[in-house]
>>> print(open('structure_0.csv').read())   # CSV, C-alpha atoms and all ligand atoms
chain,number,residue,atom,x,y,z
X,1,LYS,CA,-5.9,13.4,4.6
X,2,ARG,CA,-7.5,10.0,5.3
X,3,VAL,CA,-5.5,7.0,3.9
X,4,ALA,CA,-6.9,3.5,3.4
X,5,ILE,CA,-4.3,0.7,2.7
X,6,LEU,CA,-5.1,-2.5,0.9
X,7,ILE,CA,-3.0,-5.6,1.6
X,8,SER,CA,-2.9,-9.3,0.9
X,9,GLY,CA,0.0,-10.6,3.1
X,10,GLY,CA,2.6,-9.5,5.7
X,11,GLY,CA,1.9,-5.9,5.1
X,12,SER,CA,5.5,-4.6,5.6
X,13,ASN,CA,4.7,-1.7,3.3
X,14,MET,CA,1.5,-1.0,5.2
X,15,ILE,CA,3.5,-0.9,8.4
X,16,ALA,CA,6.1,1.5,6.9
X,17,LEU,CA,3.3,3.8,5.6
X,18,ALA,CA,1.4,3.7,8.9
X,19,GLU,CA,4.5,4.4,10.9
X,20,SER,CA,5.3,7.4,8.7
X,21,MET,CA,2.0,9.1,9.2
X,22,VAL,CA,2.8,10.8,12.6
X,23,GLY,CA,3.5,14.3,13.9
X,24,ASP,CA,3.0,17.0,11.3
X,25,HIS,CA,2.4,14.5,8.5
X,26,PRO,CA,-0.7,15.7,6.5
X,27,ALA,CA,-2.2,12.1,6.4
X,28,ARG,CA,-3.4,9.5,8.9
X,29,PRO,CA,-4.2,5.8,8.3
X,30,VAL,CA,-7.9,5.2,8.7
X,31,LEU,CA,-8.4,1.6,7.5
X,32,VAL,CA,-6.5,-1.5,6.4
X,33,VAL,CA,-8.3,-4.1,4.3
X,34,SER,CA,-7.1,-7.4,3.1
X,35,ASN,CA,-8.5,-9.8,0.5
X,36,GLU,CA,-6.8,-12.6,2.5
X,37,PRO,CA,-8.5,-13.1,5.9
X,38,THR,CA,-5.3,-14.8,7.2
X,39,ALA,CA,-3.0,-12.0,6.2
X,40,ALA,CA,-0.6,-11.3,9.1
X,41,GLY,CA,-0.8,-7.6,8.2
X,42,LEU,CA,-4.4,-7.5,9.6
X,43,SER,CA,-3.3,-8.3,13.2
X,44,ARG,CA,-0.3,-6.0,12.8
X,45,ALA,CA,-2.6,-3.1,11.8
X,46,ALA,CA,-5.0,-3.9,14.7
X,47,ARG,CA,-2.0,-3.8,17.1
X,48,MET,CA,-1.2,-0.3,15.8
X,49,GLY,CA,-4.8,0.7,16.5
X,50,ILE,CA,-5.8,1.0,12.8
X,51,PRO,CA,-9.3,-0.3,12.0
X,52,ALA,CA,-8.7,-3.5,10.0
X,53,ALA,CA,-11.1,-5.6,7.9
X,54,ALA,CA,-10.9,-8.7,5.7
X,55,VAL,CA,-12.9,-9.2,2.6
X,56,ASP,CA,-12.2,-12.7,1.3
X,57,HIS,CA,-12.1,-12.8,-2.5
X,58,ARG,CA,-12.6,-16.6,-2.7
X,59,PRO,CA,-16.4,-16.8,-2.2
X,60,PHE,CA,-16.8,-14.6,-5.3
X,61,GLY,CA,-14.8,-17.0,-7.6
X,62,LYS,CA,-14.2,-15.3,-10.9
X,63,ASP,CA,-16.8,-12.6,-10.3
X,64,ARG,CA,-14.4,-9.7,-9.7
X,65,ALA,CA,-17.2,-7.1,-9.7
X,66,ALA,CA,-19.0,-8.9,-6.9
X,67,PHE,CA,-15.9,-9.1,-4.8
X,68,GLU,CA,-15.2,-5.4,-5.4
X,69,GLN,CA,-18.8,-4.5,-4.4
X,70,GLU,CA,-18.1,-6.1,-1.1
X,71,LEU,CA,-14.6,-4.5,-0.8
X,72,LEU,CA,-16.2,-1.1,-1.4
X,73,LYS,CA,-18.3,-1.3,1.7
X,74,PRO,CA,-15.6,-0.8,4.4
X,75,LEU,CA,-13.6,1.2,2.0
X,76,LEU,CA,-16.3,3.9,1.2
X,77,ALA,CA,-17.3,3.9,4.9
X,78,ALA,CA,-13.8,5.0,5.8
X,79,GLU,CA,-14.1,7.9,3.4
X,80,PRO,CA,-10.5,7.8,2.3
X,81,ASP,CA,-8.9,10.7,0.4
X,82,ILE,CA,-6.1,8.4,-0.7
X,83,VAL,CA,-6.0,4.6,-1.2
X,84,CYS,CA,-2.7,2.8,-1.1
X,85,LEU,CA,-2.2,-0.7,-2.5
X,86,ALA,CA,0.6,-2.3,-0.6
X,87,GLY,CA,1.4,-5.9,-1.5
X,88,PHE,CA,-2.2,-6.2,-2.7
X,89,MET,CA,-2.3,-9.1,-5.1
X,90,ARG,CA,-5.7,-8.8,-6.8
X,91,VAL,CA,-6.2,-7.2,-10.1
X,92,LEU,CA,-8.9,-4.4,-9.8
X,93,THR,CA,-11.4,-3.7,-12.6
X,94,PRO,CA,-11.3,-0.4,-14.5
X,95,ALA,CA,-14.7,0.4,-12.9
X,96,PHE,CA,-13.3,0.1,-9.4
X,97,VAL,CA,-10.1,2.0,-10.2
X,98,SER,CA,-12.1,4.8,-11.8
X,99,ARG,CA,-13.8,5.5,-8.5
X,100,PHE,CA,-10.4,6.4,-7.1
X,101,GLU,CA,-8.9,7.9,-10.2
X,102,GLY,CA,-5.9,10.1,-9.4
X,103,ARG,CA,-5.9,9.1,-5.7
X,104,MET,CA,-5.0,5.4,-5.7
X,105,LEU,CA,-1.3,4.5,-5.4
X,106,ASN,CA,0.6,1.3,-5.8
X,107,ILE,CA,4.1,0.1,-5.2
X,108,HIS,CA,5.5,-2.4,-7.7
X,109,PRO,CA,8.9,-4.2,-7.2
X,110,SER,CA,10.5,-3.2,-10.5
X,111,LEU,CA,11.8,-0.2,-12.3
X,112,LEU,CA,8.6,0.4,-14.4
X,113,PRO,CA,7.9,0.5,-17.3
X,114,LYS,CA,10.1,-2.7,-17.2
X,115,TYR,CA,8.6,-5.9,-15.8
X,116,THR,CA,4.9,-5.2,-15.1
X,117,GLY,CA,3.2,-8.2,-13.6
X,118,LEU,CA,4.8,-10.9,-11.5
X,119,HIS,CA,8.3,-12.4,-10.9
X,120,THR,CA,9.9,-9.0,-11.5
X,121,HIS,CA,13.2,-9.7,-9.8
X,122,ALA,CA,13.8,-13.1,-11.5
X,123,ARG,CA,13.1,-11.4,-14.8
X,124,ALA,CA,15.5,-8.6,-14.2
X,125,ILE,CA,18.2,-11.1,-13.2
X,126,ALA,CA,17.5,-13.3,-16.2
X,127,ALA,CA,17.7,-10.3,-18.5
X,128,GLY,CA,21.2,-9.5,-17.1
X,129,ASP,CA,20.1,-6.0,-15.9
X,130,ALA,CA,22.6,-4.0,-14.0
X,131,GLU,CA,19.9,-2.5,-11.7
X,132,ALA,CA,16.6,-3.4,-10.0
X,133,GLY,CA,14.3,-1.5,-7.7
X,134,CYS,CA,10.8,-0.4,-7.0
X,135,THR,CA,8.2,2.1,-8.3
X,136,VAL,CA,5.3,4.0,-6.8
X,137,HIS,CA,2.7,4.9,-9.4
X,138,GLU,CA,-0.8,6.1,-9.7
X,139,VAL,CA,-3.2,3.2,-10.3
X,140,THR,CA,-5.0,3.4,-13.7
X,141,ALA,CA,-7.1,0.8,-15.5
X,142,ALA,CA,-3.9,-0.7,-17.2
X,143,LEU,CA,-2.1,-2.9,-14.8
X,144,ASP,CA,1.1,-1.4,-13.4
X,145,GLU,CA,1.1,1.4,-16.0
X,146,GLY,CA,-0.1,4.6,-14.3
X,147,PRO,CA,1.9,7.8,-14.0
X,148,ILE,CA,5.2,7.2,-12.1
X,149,LEU,CA,5.4,9.2,-8.8
X,150,GLY,CA,8.7,7.8,-7.5
X,151,GLN,CA,11.4,5.2,-8.0
X,152,ALA,CA,14.3,3.7,-6.0
X,153,ARG,CA,17.0,1.6,-7.5
X,154,LEU,CA,20.0,-0.5,-6.5
X,155,PRO,CA,22.6,-2.7,-8.3
X,156,ILE,CA,22.0,-6.3,-9.1
X,157,LEU,CA,24.9,-8.2,-7.6
X,158,PRO,CA,26.7,-11.2,-9.1
X,159,GLY,CA,25.1,-14.3,-7.7
X,160,ASP,CA,21.9,-12.5,-6.8
X,161,THR,CA,18.8,-14.7,-6.8
X,162,ALA,CA,15.2,-13.4,-6.8
X,163,GLU,CA,15.1,-13.9,-3.1
X,164,THR,CA,18.4,-12.1,-2.2
X,165,LEU,CA,17.4,-9.2,-4.6
X,166,ALA,CA,13.9,-9.0,-3.1
X,167,ALA,CA,15.4,-8.9,0.4
X,168,ARG,CA,17.4,-5.8,-0.7
X,169,VAL,CA,14.6,-4.1,-2.6
X,170,LEU,CA,11.9,-4.4,0.1
X,171,PRO,CA,13.6,-2.0,2.5
X,172,LEU,CA,13.9,0.4,-0.4
X,173,GLU,CA,10.1,0.1,-0.8
X,174,HIS,CA,9.7,1.0,2.9
X,175,ARG,CA,11.6,4.2,2.3
X,176,LEU,CA,10.1,5.2,-1.1
X,177,TYR,CA,6.4,4.6,-0.5
X,178,PRO,CA,6.2,6.8,2.7
X,179,ALA,CA,8.2,9.5,1.0
X,180,VAL,CA,5.9,9.5,-2.0
X,181,LEU,CA,2.7,9.4,0.1
X,182,ARG,CA,3.9,12.4,2.1
X,183,ARG,CA,4.3,14.4,-1.1
X,184,VAL,CA,1.0,13.3,-2.6
X,185,ALA,CA,-0.8,14.0,0.7
X,186,SER,CA,0.7,17.6,0.6
X,187,GLY,CA,-0.4,18.1,-3.0
X,188,ASP,CA,2.9,17.4,-4.7
X,189,ARG,CA,2.8,15.1,-7.7
X,190,GLY,CA,6.4,15.6,-8.8
X,191,ARG,CA,8.5,12.5,-9.4
X,192,LEU,CA,10.8,11.4,-6.5
X,193,ASP,CA,13.9,9.4,-7.4
X,194,LEU,CA,15.7,8.0,-4.3
N,201,LIG,C1,6.5,-7.7,-1.8
N,201,LIG,O1,7.0,-8.6,-2.8
N,201,LIG,C2,6.7,-6.3,-2.3
N,201,LIG,O2,7.8,-6.2,-3.2
N,201,LIG,C3,5.4,-6.0,-3.1
N,201,LIG,O3,4.4,-6.8,-2.4
N,201,LIG,C4,5.1,-7.9,-1.7
N,201,LIG,C5,4.6,-8.0,-0.2
N,201,LIG,O4,4.8,-6.7,0.4
N,201,LIG,N1,5.1,-4.6,-3.1
N,201,LIG,P1,4.2,-6.5,1.9
N,201,LIG,O5,5.3,-6.9,2.8
N,201,LIG,O6,3.0,-7.3,2.1
N,201,LIG,O7,4.0,-5.0,2.0
>>> encode(input="structure_0.csv", output="structure tokens", more="lines below")
Ligand code: GRF
Amino acid sequence: KRVAILISGGGSNMIALAESMVGDHPARPVLVVSNEPTAAGLSRAARMGIPAAAVDHRPFGKDRAAFEQELLKPLLAAEPDIVCLAGFMRVLTPAFVSRFEGRMLNIHPSLLPKYTGLHTHARAIAAGDAEAGCTVHEVTAALDEGPILGQARLPILPGDTAETLAARVLPLEHRLYPAVLRRVASGDRGRLDL
């Protein structure tokens, strides 16, 4: 299976995914694309020998469709079987998502369905939740609401800030996402709870 990974920043989840696709793993990374040309993840991908491209969203302003037409060029050229959003911070239109229906995954730093959108850790702390975590889900037209494929959770500690919590959840993401990708790449859509 050919896997394309979309990033916007450091790409730590992309690194974890790419590093997992070795040996008898049924998938290989074939492309990394960032909407942010300065994303550190682009050089990290290139250093791993993965073709990397930047498609800057800024020149397109509010015209999401025009940006996505540009984004599709390297993406379709790579002929991915699976597209992984990994720290990708642009909302995709339903038209774009429908082209990859059922084979586009995302990792979101909350225990969905709680806290779709942004500032997830701060909201969990403010709500007095006992736990936080991350979710890998299929991407559908509704933001952060597709079928859940896996979750990993941990306790929120007294005194936790959004930053200290994020620092503990990120390594969980790096375990959950590769584990879910391996299952999806081998045809298993069962839910994985770490
Ligand atoms: C992190 O906040 C992570 O929780 C979310 O995207 C952000 C950046 O991740 N998934 P990455 O290091 O760019 O993979």
>>> residues_near_ligand(input="structure_0.csv", ligand="ligand LIG 201 (chain N)", cutoff="10 Å", atoms="all atoms listed in the file", output="PyMOL selection string")
chain X and resi 6-17+39-41+85-89+106-110+118-121+133-136+163+166-174+177
>>> atom_distance(input="structure_0.csv", atom1="CA of Ile148 in chain X", atom2="CA of Val32 in chain X")
23.6 Å
>>> residues_around(input="structure_0.csv", residues="range 69-71 of chain X", least_positions_apart="3", cutoff="9 Å", atoms="only C-alpha atoms", output="list in words")
Val33, Ser34, Asn35, Ala54, Val55, Asp56, His57, Arg64, Ala65, Ala66, Pro74, Leu75, Leu76 and Phe96 of chain X
>>> residues_near_point(input="structure_0.csv", point="(4.3, 4.0, -14.2)", cutoff="12 Å", atoms="all atoms listed in the file", output="ChimeraX atom specification")
/X:105-116,134-151,191
>>> atom_distance(input="structure_0.csv", atom1="CA of Asp129 in chain X", atom2="CA of Cys84 in chain X")
28.6 Å
>>> closest_residue(input="structure_0.csv", among="X:Ala18, X:Leu92, X:Ala124, X:Leu154", to="Val30 in chain X", atoms="only C-alpha atoms")
X:Ala18
>>> closest_residue(input="structure_0.csv", among="X:Gly23, X:Gly102, X:Gly128, X:Gly49", to="Gly187 in chain X", atoms="only C-alpha atoms")
X:Gly102
>>> atom_distance(input="structure_0.csv", atom1="CA of Gly117 in chain X", atom2="CA of Arg90 in chain X")
11.2 Å
>>> closest_residue(input="structure_0.csv", among="X:Ala52, X:Ala127, X:Leu72, X:Leu176", to="Val97 in chain X", atoms="all atoms listed in the file")
X:Leu72
>>> residues_around(input="structure_0.csv", residues="Glu79 in chain X", least_positions_apart="6", cutoff="10 Å", atoms="all atoms listed in the file", output="VMD selection string")
chain X and resid 1 to 4 30 to 31
>>> closest_residue(input="structure_0.csv", among="X:Ala126, X:Val180, X:Ala77, X:Met21", to="Ala152 in chain X", atoms="all atoms listed in the file")
X:Val180
>>> build_atoms(input="structure_0.csv", residues="range 41-64 of chain X", atoms="N, CA and C atoms", output="PDB file, in the frame of the given file")
ATOM      1  N   GLY X  41      -0.742  -9.040   8.118  1.00  0.00           N
ATOM      2  CA  GLY X  41      -0.800  -7.600   8.200  1.00  0.00           C
ATOM      3  C   GLY X  41      -2.083  -7.103   8.937  1.00  0.00           C
ATOM      4  N   LEU X  42      -3.143  -7.915   8.946  1.00  0.00           N
ATOM      5  CA  LEU X  42      -4.400  -7.500   9.600  1.00  0.00           C
ATOM      6  C   LEU X  42      -4.158  -7.356  11.125  1.00  0.00           C
ATOM      7  N   SER X  43      -3.490  -8.354  11.710  1.00  0.00           N
ATOM      8  CA  SER X  43      -3.300  -8.300  13.200  1.00  0.00           C
ATOM      9  C   SER X  43      -2.232  -7.205  13.485  1.00  0.00           C
ATOM     10  N   ARG X  44      -1.285  -7.019  12.544  1.00  0.00           N
ATOM     11  CA  ARG X  44      -0.300  -6.000  12.800  1.00  0.00           C
ATOM     12  C   ARG X  44      -0.930  -4.591  12.762  1.00  0.00           C
ATOM     13  N   ALA X  45      -1.898  -4.414  11.837  1.00  0.00           N
ATOM     14  CA  ALA X  45      -2.600  -3.100  11.800  1.00  0.00           C
ATOM     15  C   ALA X  45      -3.435  -2.926  13.041  1.00  0.00           C
ATOM     16  N   ALA X  46      -4.128  -3.976  13.463  1.00  0.00           N
ATOM     17  CA  ALA X  46      -5.000  -3.900  14.700  1.00  0.00           C
ATOM     18  C   ALA X  46      -4.098  -3.521  15.875  1.00  0.00           C
ATOM     19  N   ARG X  47      -2.911  -4.119  15.944  1.00  0.00           N
ATOM     20  CA  ARG X  47      -2.000  -3.800  17.100  1.00  0.00           C
ATOM     21  C   ARG X  47      -1.572  -2.357  17.040  1.00  0.00           C
ATOM     22  N   MET X  48      -1.589  -1.746  15.840  1.00  0.00           N
ATOM     23  CA  MET X  48      -1.200  -0.300  15.800  1.00  0.00           C
ATOM     24  C   MET X  48      -2.423   0.573  15.982  1.00  0.00           C
ATOM     25  N   GLY X  49      -3.589  -0.062  16.246  1.00  0.00           N
ATOM     26  CA  GLY X  49      -4.800   0.700  16.500  1.00  0.00           C
ATOM     27  C   GLY X  49      -5.471   1.212  15.255  1.00  0.00           C
ATOM     28  N   ILE X  50      -5.149   0.579  14.103  1.00  0.00           N
ATOM     29  CA  ILE X  50      -5.800   1.000  12.800  1.00  0.00           C
ATOM     30  C   ILE X  50      -6.950   0.023  12.570  1.00  0.00           C
ATOM     31  N   PRO X  51      -8.164   0.544  12.304  1.00  0.00           N
ATOM     32  CA  PRO X  51      -9.300  -0.300  12.000  1.00  0.00           C
ATOM     33  C   PRO X  51      -8.886  -1.261  10.809  1.00  0.00           C
ATOM     34  N   ALA X  52      -9.137  -2.549  10.971  1.00  0.00           N
ATOM     35  CA  ALA X  52      -8.700  -3.500  10.000  1.00  0.00           C
ATOM     36  C   ALA X  52      -9.865  -4.445   9.621  1.00  0.00           C
ATOM     37  N   ALA X  53      -9.992  -4.755   8.324  1.00  0.00           N
ATOM     38  CA  ALA X  53     -11.100  -5.600   7.900  1.00  0.00           C
ATOM     39  C   ALA X  53     -10.578  -6.574   6.825  1.00  0.00           C
ATOM     40  N   ALA X  54     -11.236  -7.749   6.760  1.00  0.00           N
ATOM     41  CA  ALA X  54     -10.900  -8.700   5.700  1.00  0.00           C
ATOM     42  C   ALA X  54     -12.114  -8.876   4.816  1.00  0.00           C
ATOM     43  N   VAL X  55     -11.883  -8.844   3.523  1.00  0.00           N
ATOM     44  CA  VAL X  55     -12.900  -9.200   2.600  1.00  0.00           C
ATOM     45  C   VAL X  55     -12.374 -10.269   1.679  1.00  0.00           C
ATOM     46  N   ASP X  56     -12.753 -11.514   2.016  1.00  0.00           N
ATOM     47  CA  ASP X  56     -12.200 -12.700   1.300  1.00  0.00           C
ATOM     48  C   ASP X  56     -12.689 -12.710  -0.120  1.00  0.00           C
ATOM     49  N   HIS X  57     -11.755 -12.821  -1.052  1.00  0.00           N
ATOM     50  CA  HIS X  57     -12.100 -12.800  -2.500  1.00  0.00           C
ATOM     51  C   HIS X  57     -12.630 -14.176  -2.946  1.00  0.00           C
ATOM     52  N   ARG X  58     -12.300 -15.231  -2.174  1.00  0.00           N
ATOM     53  CA  ARG X  58     -12.600 -16.600  -2.700  1.00  0.00           C
ATOM     54  C   ARG X  58     -14.095 -16.869  -2.869  1.00  0.00           C
ATOM     55  N   PRO X  59     -14.981 -16.471  -1.966  1.00  0.00           N
ATOM     56  CA  PRO X  59     -16.400 -16.800  -2.200  1.00  0.00           C
ATOM     57  C   PRO X  59     -16.958 -16.265  -3.500  1.00  0.00           C
ATOM     58  N   PHE X  60     -16.250 -15.276  -4.077  1.00  0.00           N
ATOM     59  CA  PHE X  60     -16.800 -14.600  -5.300  1.00  0.00           C
ATOM     60  C   PHE X  60     -16.247 -15.286  -6.569  1.00  0.00           C
ATOM     61  N   GLY X  61     -15.329 -16.262  -6.405  1.00  0.00           N
ATOM     62  CA  GLY X  61     -14.800 -17.000  -7.600  1.00  0.00           C
ATOM     63  C   GLY X  61     -14.251 -15.974  -8.596  1.00  0.00           C
ATOM     64  N   LYS X  62     -14.719 -16.121  -9.843  1.00  0.00           N
ATOM     65  CA  LYS X  62     -14.200 -15.300 -10.900  1.00  0.00           C
ATOM     66  C   LYS X  62     -14.924 -13.952 -11.029  1.00  0.00           C
ATOM     67  N   ASP X  63     -15.957 -13.765 -10.163  1.00  0.00           N
ATOM     68  CA  ASP X  63     -16.800 -12.600 -10.300  1.00  0.00           C
ATOM     69  C   ASP X  63     -16.089 -11.390  -9.575  1.00  0.00           C
ATOM     70  N   ARG X  64     -15.157 -10.764 -10.304  1.00  0.00           N
ATOM     71  CA  ARG X  64     -14.400  -9.700  -9.700  1.00  0.00           C
ATOM     72  C   ARG X  64     -15.280  -8.539  -9.250  1.00  0.00           C
TER      73      ARG X  64
END
